[in-house]
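What follows is a single structure, written as C-alpha cells, with notes after it.
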Protein chains: 2
Amino acid sequence: MRFGFLVYPGVEELDLVGPWEMATMWRSYADGPECLTVGANTDGIVCAKGLKMTPDVSFDECPKLDFLLVPGGFAALEQAENPDLVRFVSRRGLECSHMLSVCTGSFILHAAGILRDRRATTHWKLLAALREKDHVTVVEDRFVRDGNVWTSAGVSAGIDLTLAFIAEVAGPETASLVQYNSEYYPDGKIYGSAHDTPQASAYFRKLTAEPRP
Amino acid sequence: MRFGFLVYPGVEELDLVGPWEMATMWRSYADGPECLTVGANTDGIVCAKGLKMTPDVSFDECPKLDFLLVPGGFAALEQAENPDLVRFVSRRGLECSHMLSVCTGSFILHAAGILRDRRATTHWKLLAALREKDHVTVVEDRFVRDGNVWTSAGVSAGIDLTLAFIAEVAGPETASLVQYNSEYYPDGKIYGSAHDTPQASAYFRKLTAEPRP
C-alpha cells in the first residue's frame, strides 16, 4: 500500500508533517503503507514558514496511491485554481480508497470535485469561505469523515485526523502503537483568550468553555 | 531575536516541525524571533522517516542565536558523539538565553554539557539510558524546565514544550495567538493499549489511568 502526501510552494509545515509522522510511524511499527511526498516536479520548494524541502516524486512519475493527503496553508487557496494540481488530485481521487485533507487543503479537494455533496471542515478562519462553495456541508468539528473522504480543521488537527484514519483502516491497536511511539499525549493546556471570538470553530468553543482539569 | 533549529541526517520530522510551526506562528502573529534551520552544511538531508529537507545555514555561517532547539530521533544518539555538532551546540549554549531539546535531543544537550546538574527528560524509550548518564536528574514529565534549559518527552511533546516556552518568554496571550492560529486544541483521544507497559513515562501512565471525559 502507498500513502501520498501532496506538497506545493507555501504548504504549511505542520499540516504536512503532523500526518506524515503518524503515517510513517504506522509504516515503522505496524507494517503501514509506504509514504512519499508528491509535487508538480521534484524541484525544491519553500513551505509557508520558510522550511525548505524536496518532493520525492513528480505528478507524472507518481506511482499508484491507496491514500492521498492534501495539506493546507494560505497558498492552498491559490493552488485550488491551479489546473495541473487540481487535475492530479481529481484523478487520484478515482484510484485512492481514501482521500484526506488538513486545514485549507479542503479547498483543493473541493476544486477537484471530491467534496461534492459531502460534509467537510477547514481552518476556523476559512469556515465562512468554505460555506460559500457549492455542494458542500461545512461542519465545525476537529475532523470530519464522510465515507472515504476525511477533512480536518487547521494545521495541528491533521495529527488527530490521521490517527483516527489509521484506527479505522488498521484498527485501534495500530493507532495505539503510532500514538505511543510518537508520544502523542498532549497536555491539553489552553493559553490565554485569543480563541474567544465568534469565528472560533464550534468544537473548540465547547472545549474552551469547559476547561479540562 | 533569532531562533535556531538544529538539523542533521536522521532528525525526526515532527520533533523539528512541531516546534518550528509554533515558533514561526509566533513570528507571524506576534513579532516573534526570526527562525532558521542550521545544519553542519547546507547540503540536503534525509530525515528519520524519509522527508528530504535543506538547512538554511551551516554551523560556520550561523548568525548569533537567542534560542536553539535540538530535535531528536534515533540518529541523535550517534550525533551526541559527533564532535563538530556537539561543539556547535556547546558554543551556542554560551550565547543563547534559552536552550531547548525534544525527545532524544536531550542526549545531544547532555554531550554538550548543557544538562549538567539539571533536571531533564526524553522519549519514554530512552529514559533508562538517560538515567545512566552522569550529572543529570531524569524526570518523567511531558516537558521539564530547569532554569533556561527546556527538554521534552518524545516527538509530539515538542509542541507542548514550545508553547510553554513562548508563554514564558512572550506571555500567555502570545502563546494563545500561536495556539489559536495553529488550531492546537487536540481531542485528547487515547487509542488502544500499547502504552500500557512499565516503560511508559509517569506523566502519561497517570493520564491514561484517568481518561479524559
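Ordered as shown in the C-alpha cells, chains take letters A, B, and onward, while each chain numbers its residues from 1 and ligands are numbered from 1 in the order shown.
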If we count only C-alpha atoms, what is near Gly147 in chain A at a cut-off of 12 Å, once residues fewer than 6 positions away on the same chain are taken out, given as a PDB file with C-alpha atoms, in the first residue's frame?
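This went into result32.pdb:
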ATOM      1  CA  SER A  97      -9.576   4.206  -1.384  1.00  0.00           C
ATOM      2  CA  HIS A  98      -9.413   7.244   0.961  1.00  0.00           C
ATOM      3  CA  MET A  99      -8.721  10.970   0.397  1.00  0.00           C
ATOM      4  CA  LEU A 100      -7.734  13.275   3.274  1.00  0.00           C
ATOM      5  CA  ILE A 114     -14.111  15.384  -4.122  1.00  0.00           C
ATOM      6  CA  LEU A 115     -16.248  17.196  -1.532  1.00  0.00           C
ATOM      7  CA  ARG A 116     -19.361  17.132  -3.735  1.00  0.00           C
ATOM      8  CA  ASP A 117     -22.419  16.554  -1.514  1.00  0.00           C
ATOM      9  CA  ARG A 118     -20.206  15.774   1.467  1.00  0.00           C
ATOM     10  CA  ARG A 119     -19.692  17.060   4.989  1.00  0.00           C
ATOM     11  CA  ALA A 120     -16.275  18.678   5.475  1.00  0.00           C
ATOM     12  CA  PHE A 165      -7.864   7.351   9.975  1.00  0.00           C
ATOM     13  CA  GLU A 168     -10.287   2.997  11.034  1.00  0.00           C
TER      14      GLU A 168
END
Handout entry: Counting only C-alpha atoms, chain A residues within 7 Å of chain B, as a PyMOL selection string
Key = chain A and resi 13-14+17-18+21+24+49+52-54+154-157+160+172-173+175-177+180+182-188+191-195+204
Handout entry: Residue list (helix (DSSP H, G or I), DSSP) for range 2-184 of chain B, as a VMD selection string
Key = chain B and resid 13 to 30 75 to 79 83 to 95 105 to 111 124 to 131 157 to 170 172 to 181
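Between CA of Leu94 in chain A and CA of Asp60 in chain A there is a distance of 16.1 Å.
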Problem - Test item: residues at most 9 Å from Arg92 in chain B, only C-alpha atoms, excluding those fewer than 6 positions along its chain, as a PyMOL selection string - result: chain B and resi 64-68+99
Practice task
Go ahead and compute the interatomic distance for CA of Ala170 in chain A and CA of Cys62 in chain A, in Å to one decimal.
Solution key: 24.0 Å
Handout entry: strand (DSSP E) residues, from DSSP on the backbone, in range 67-179 of chain A, as a count of residues only
Key = 22
Handout entry: Polymer residues at most 12 Å from Gly113 in chain A, only C-alpha atoms, same-chain spacing of 6 or more positions, as an MDAnalysis selection string
Key = chainID A and resid 80 86:94 99 106:107 133:136 149
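With only C-alpha atoms as the basis for measurement, A:Met1 is the residue among A:Ala112, A:Gly39, A:Met1, A:Ser58 that approaches Trp26 in chain A most closely.
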Handout entry: Selection near Ser101 in chain B, 8 Å with only C-alpha atoms, sequence-local residues under 2 positions removed, as a PyMOL selection string
Key = chain B and resi 69-72+99+103-106+109+150-152+158
Those same residues - C-alpha atoms - I'd like them written as a PDB file, in the first residue's frame.
ATOM      1  CA  LEU B  69      16.191  23.906  19.731  1.00  0.00           C
ATOM      2  CA  VAL B  70      17.733  20.451  19.323  1.00  0.00           C
ATOM      3  CA  PRO B  71      15.278  17.873  17.937  1.00  0.00           C
ATOM      4  CA  GLY B  72      15.769  14.115  18.363  1.00  0.00           C
ATOM      5  CA  MET B  99      18.294  26.066  25.038  1.00  0.00           C
ATOM      6  CA  CYS B 103      12.920  13.626  22.539  1.00  0.00           C
ATOM      7  CA  THR B 104      16.466  12.214  22.268  1.00  0.00           C
ATOM      8  CA  GLY B 105      17.775  15.723  21.525  1.00  0.00           C
ATOM      9  CA  SER B 106      18.477  15.732  25.269  1.00  0.00           C
ATOM     10  CA  LEU B 109      22.418  18.644  25.088  1.00  0.00           C
ATOM     11  CA  TRP B 150      13.944  23.092  28.436  1.00  0.00           C
ATOM     12  CA  THR B 151      13.662  19.407  27.478  1.00  0.00           C
ATOM     13  CA  SER B 152      10.637  17.425  26.346  1.00  0.00           C
ATOM     14  CA  GLY B 158       7.959  19.384  21.398  1.00  0.00           C
TER      15      GLY B 158
END
